[in-house]
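Everything below belongs to target.csv, which stores CSV, C-alpha atoms.
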chain,number,residue,atom,x,y,z
Z,1,MET,CA,-70.0,-21.6,37.3
Z,2,LYS,CA,-72.0,-19.0,35.4
Z,3,SER,CA,-73.4,-16.2,37.6
Z,4,VAL,CA,-76.0,-13.5,37.0
Z,5,PHE,CA,-76.2,-10.5,39.3
Z,6,TYR,CA,-79.4,-8.6,39.7
Z,7,CYS,CA,-79.0,-5.0,40.7
Z,8,LEU,CA,-82.3,-4.1,42.3
Z,9,SER,CA,-81.4,-1.2,44.7
Z,10,GLY,CA,-80.7,2.4,44.0
Z,11,PRO,CA,-77.1,3.5,43.9
Z,12,ALA,CA,-77.0,5.2,47.3
Z,13,GLY,CA,-77.6,2.1,49.2
Z,14,GLN,CA,-75.2,-0.3,50.9
Z,15,ALA,CA,-76.6,-3.2,48.9
Z,16,ALA,CA,-75.7,-1.6,45.6
Z,17,ASN,CA,-72.1,-1.2,46.7
Z,18,GLU,CA,-71.8,-4.7,48.0
Z,19,ILE,CA,-73.1,-6.4,44.9
Z,20,VAL,CA,-70.7,-4.4,42.7
Z,21,ASP,CA,-67.8,-5.6,45.0
Z,22,VAL,CA,-69.0,-9.2,44.7
Z,23,ILE,CA,-69.2,-8.9,40.9
Z,24,ALA,CA,-65.7,-7.6,40.7
Z,25,VAL,CA,-64.4,-10.4,42.9
Z,26,SER,CA,-66.2,-13.0,40.9
Z,27,ALA,CA,-64.8,-11.6,37.7
Z,28,VAL,CA,-61.2,-11.9,39.0
Z,29,PHE,CA,-61.8,-15.6,39.3
Z,30,ASP,CA,-62.7,-15.8,35.5
Z,31,GLN,CA,-66.3,-16.8,36.1
Z,32,PRO,CA,-68.7,-16.0,33.3
Z,33,ILE,CA,-70.9,-13.1,34.6
Z,34,ALA,CA,-73.9,-11.2,33.5
Z,35,VAL,CA,-75.4,-8.2,35.3
Z,36,ALA,CA,-79.0,-7.1,35.1
Z,37,PHE,CA,-80.5,-3.8,36.3
Z,38,ILE,CA,-84.1,-4.1,37.4
Z,39,GLY,CA,-86.5,-1.9,39.4
Z,40,ASP,CA,-84.7,0.9,41.3
Z,41,GLY,CA,-81.4,-0.7,40.2
Z,42,VAL,CA,-81.7,1.1,36.9
Z,43,TRP,CA,-80.7,4.3,38.7
Z,44,GLN,CA,-77.2,2.8,39.1
Z,45,LEU,CA,-76.7,3.4,35.4
Z,46,PHE,CA,-77.3,7.2,35.8
Z,47,ASP,CA,-76.9,8.5,39.3
Z,48,GLN,CA,-73.5,9.8,40.3
Z,49,THR,CA,-74.3,9.6,44.0
Z,50,ILE,CA,-71.3,9.4,46.3
Z,51,THR,CA,-72.2,7.1,49.2
Z,52,GLU,CA,-71.3,7.5,52.9
Z,53,ASP,CA,-68.1,5.4,52.4
Z,54,GLY,CA,-67.0,7.5,49.4
Z,55,LYS,CA,-67.9,5.1,46.6
Z,56,ASN,CA,-69.5,6.1,43.4
Z,57,THR,CA,-71.3,2.9,42.2
Z,58,THR,CA,-71.9,4.2,38.7
Z,59,LYS,CA,-68.2,4.8,38.1
Z,60,PHE,CA,-67.3,1.4,39.5
Z,61,LEU,CA,-69.8,-0.3,37.2
Z,62,SER,CA,-68.1,1.4,34.3
Z,63,ALA,CA,-64.9,-0.4,35.2
Z,64,LEU,CA,-66.4,-3.9,35.0
Z,65,PRO,CA,-65.8,-4.4,31.3
Z,66,SER,CA,-62.1,-4.2,32.1
Z,67,PHE,CA,-62.7,-7.2,34.4
Z,68,ASP,CA,-64.0,-9.1,31.4
Z,69,VAL,CA,-67.6,-8.7,32.5
Z,70,SER,CA,-69.3,-8.4,29.1
Z,71,GLU,CA,-73.0,-9.0,29.5
Z,72,PHE,CA,-75.0,-6.1,30.9
Z,73,MET,CA,-78.8,-6.0,30.6
Z,74,VAL,CA,-81.4,-3.4,31.8
Z,75,GLU,CA,-85.0,-4.2,32.0
Z,76,LYS,CA,-87.1,-2.1,29.6
Z,77,GLU,CA,-90.1,-2.1,31.8
Z,78,SER,CA,-88.1,-0.7,34.7
Z,79,LEU,CA,-86.6,2.1,32.5
Z,80,ASN,CA,-90.1,2.9,31.4
Z,81,SER,CA,-91.6,3.0,34.9
Z,82,GLN,CA,-88.8,5.3,36.1
Z,83,TYR,CA,-89.2,7.5,32.9
Z,84,LEU,CA,-85.6,6.8,32.0
Z,85,LEU,CA,-85.8,5.0,28.6
Z,86,GLY,CA,-85.5,8.2,26.6
Z,87,ARG,CA,-82.6,9.4,28.8
Z,88,PHE,CA,-80.9,6.1,28.4
Z,89,ASP,CA,-81.2,6.1,24.6
Z,90,GLU,CA,-80.0,9.8,24.5
Z,91,LEU,CA,-76.9,9.2,26.7
Z,92,ARG,CA,-75.9,6.2,24.6
Z,93,ALA,CA,-76.3,8.1,21.3
Z,94,ASN,CA,-74.4,11.1,22.5
Z,95,ASP,CA,-71.4,9.4,24.1
Z,96,GLU,CA,-70.0,6.3,22.3
Z,97,THR,CA,-67.4,5.9,25.2
Z,98,SER,CA,-70.1,5.7,27.9
Z,99,PHE,CA,-70.6,2.5,30.0
Z,100,LEU,CA,-74.2,2.5,28.7
Z,101,THR,CA,-72.9,1.3,25.3
Z,102,TYR,CA,-72.3,-2.0,27.0
Z,103,VAL,CA,-75.8,-2.3,28.3
Z,104,GLU,CA,-78.5,-3.9,26.3
Z,105,VAL,CA,-82.2,-3.1,26.8
Z,106,LYS,CA,-84.2,-6.3,27.2
Z,107,ASP,CA,-87.8,-7.0,28.1
Z,108,ARG,CA,-88.7,-8.7,31.4
Z,109,ASP,CA,-89.5,-12.1,29.7
Z,110,THR,CA,-86.2,-12.1,27.9
Z,111,ILE,CA,-84.2,-11.5,31.1
Z,112,LEU,CA,-86.2,-14.2,33.0
Z,113,THR,CA,-85.5,-16.6,30.2
Z,114,ARG,CA,-81.9,-15.7,30.1
Z,115,MET,CA,-81.7,-16.4,33.9
Z,116,ARG,CA,-82.2,-20.1,33.2
Z,117,ASP,CA,-78.7,-20.2,31.6
Z,118,PHE,CA,-76.9,-19.4,34.9
Z,119,ASP,CA,-75.9,-21.7,37.7
Z,120,MET,CA,-76.1,-19.0,40.3
Z,121,VAL,CA,-78.4,-16.0,40.7
Z,122,VAL,CA,-77.4,-13.2,43.1
Z,123,THR,CA,-79.5,-10.2,44.0
Z,124,ASP,CA,-78.7,-7.1,46.2

Would you mind writing the structure in this file as structure tokens?
Amino acid sequence: MKSVFYCLSGPAGQAANEIVDVIAVSAVFDQPIAVAFIGDGVWQLFDQTITEDGKNTTKFLSALPSFDVSEFMVEKESLNSQYLLGRFDELRANDETSFLTYVEVKDRDTILTRMRDFDMVVTD
């Protein structure tokens, strides 16, 4: 079963932590997985917030490639609306080891079209 996970919440919320946990568990069972960051979820790529339970969502996301999660998308319109597109490009260019090098910028229509390829869609 192919699954796509949509990260819609900012990194400090409980929903953000829970979806990252679900992604990791799904990956352990060798399910093909894609992750898309949309809306306030784009902040999960940047913010180093430590939540009440001590988790740093951004750091945990960076571990997902080691679980064989290989498709990461961020919605271009969301980056633009949060004024983060330039920062995203700069961080990727300045650090080739950054998790952001795994993330592809896609427009909204491309992400919605890609969603049709999955059997299960999960949002936070």

Have a look at Z:Trp43, Z:Thr113, Z:Phe67, Z:Cys7 and name the one nearest to Phe29 in chain Z; count all atoms listed in the file.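 Counting all atoms listed in the file, the residue closest to Phe29 in chain Z is Z:Phe67.
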
CA of Glu96 in chain Z to CA of Arg114 in chain Z measures 26.2 Å

Which polymer residues have any atom within 12 Å of an atom of Leu112 in chain Z, counting all atoms listed in the file, with same-chain residues fewer than 4 positions away left out, as a ChimeraX atom specification? /Z:4,6,36,38,73-75,106-108,116-118,121

Could those residues be written to a file, using C-alpha atoms, as a JSON list (two decimals), keeping the file's coordinate frame?
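Printed below is again-v2.json as written:
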[["chain", "number", "residue", "atom", "x", "y", "z"],
["Z", 4, "VAL", "CA", -76.00, -13.50, 37.00],
["Z", 6, "TYR", "CA", -79.40, -8.60, 39.70],
["Z", 36, "ALA", "CA", -79.00, -7.10, 35.10],
["Z", 38, "ILE", "CA", -84.10, -4.10, 37.40],
["Z", 73, "MET", "CA", -78.80, -6.00, 30.60],
["Z", 74, "VAL", "CA", -81.40, -3.40, 31.80],
["Z", 75, "GLU", "CA", -85.00, -4.20, 32.00],
["Z", 106, "LYS", "CA", -84.20, -6.30, 27.20],
["Z", 107, "ASP", "CA", -87.80, -7.00, 28.10],
["Z", 108, "ARG", "CA", -88.70, -8.70, 31.40],
["Z", 116, "ARG", "CA", -82.20, -20.10, 33.20],
["Z", 117, "ASP", "CA", -78.70, -20.20, 31.60],
["Z", 118, "PHE", "CA", -76.90, -19.40, 34.90],
["Z", 121, "VAL", "CA", -78.40, -16.00, 40.70]]

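A straight line drawn from CA of Asp119 in chain Z to CA of Thr101 in chain Z is 26.3 Å long.
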
I'd like the interatomic distance between CA of Asp124 in chain Z and CA of Ala34 in chain Z, to a tenth of an Å. 14.2 Å

So, counting all atoms listed in the file, which residue among Z:Thr123, Z:Glu90, Z:Tyr83, Z:Leu45 is closest to Ile23 in chain Z?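 So, comparing all the options, the nearest one is Z:Thr123.
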
Z:Ile33, Z:Gly41, Z:Val22, Z:Thr97: which is nearest Ser78 in chain Z, counting only C-alpha atoms?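 Nearest to Ser78 in chain Z: Z:Gly41.
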
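Closest approach to Asp68 in chain Z among Z:Phe5, Z:Thr110, Z:Asp21, Z:Asp30 is made by Z:Asp30 (distances from only C-alpha atoms).
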
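Distance check against Phe46 in chain Z using all atoms listed in the file: of Z:Val20, Z:Leu64, Z:Leu85, Z:Ala27, the minimum falls on Z:Leu85.
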
Using all atoms listed in the file, the best pick from Z:Ser81, Z:Met120, Z:Gly10, Z:Ser70 as closest to Glu104 in chain Z would be Z:Ser70
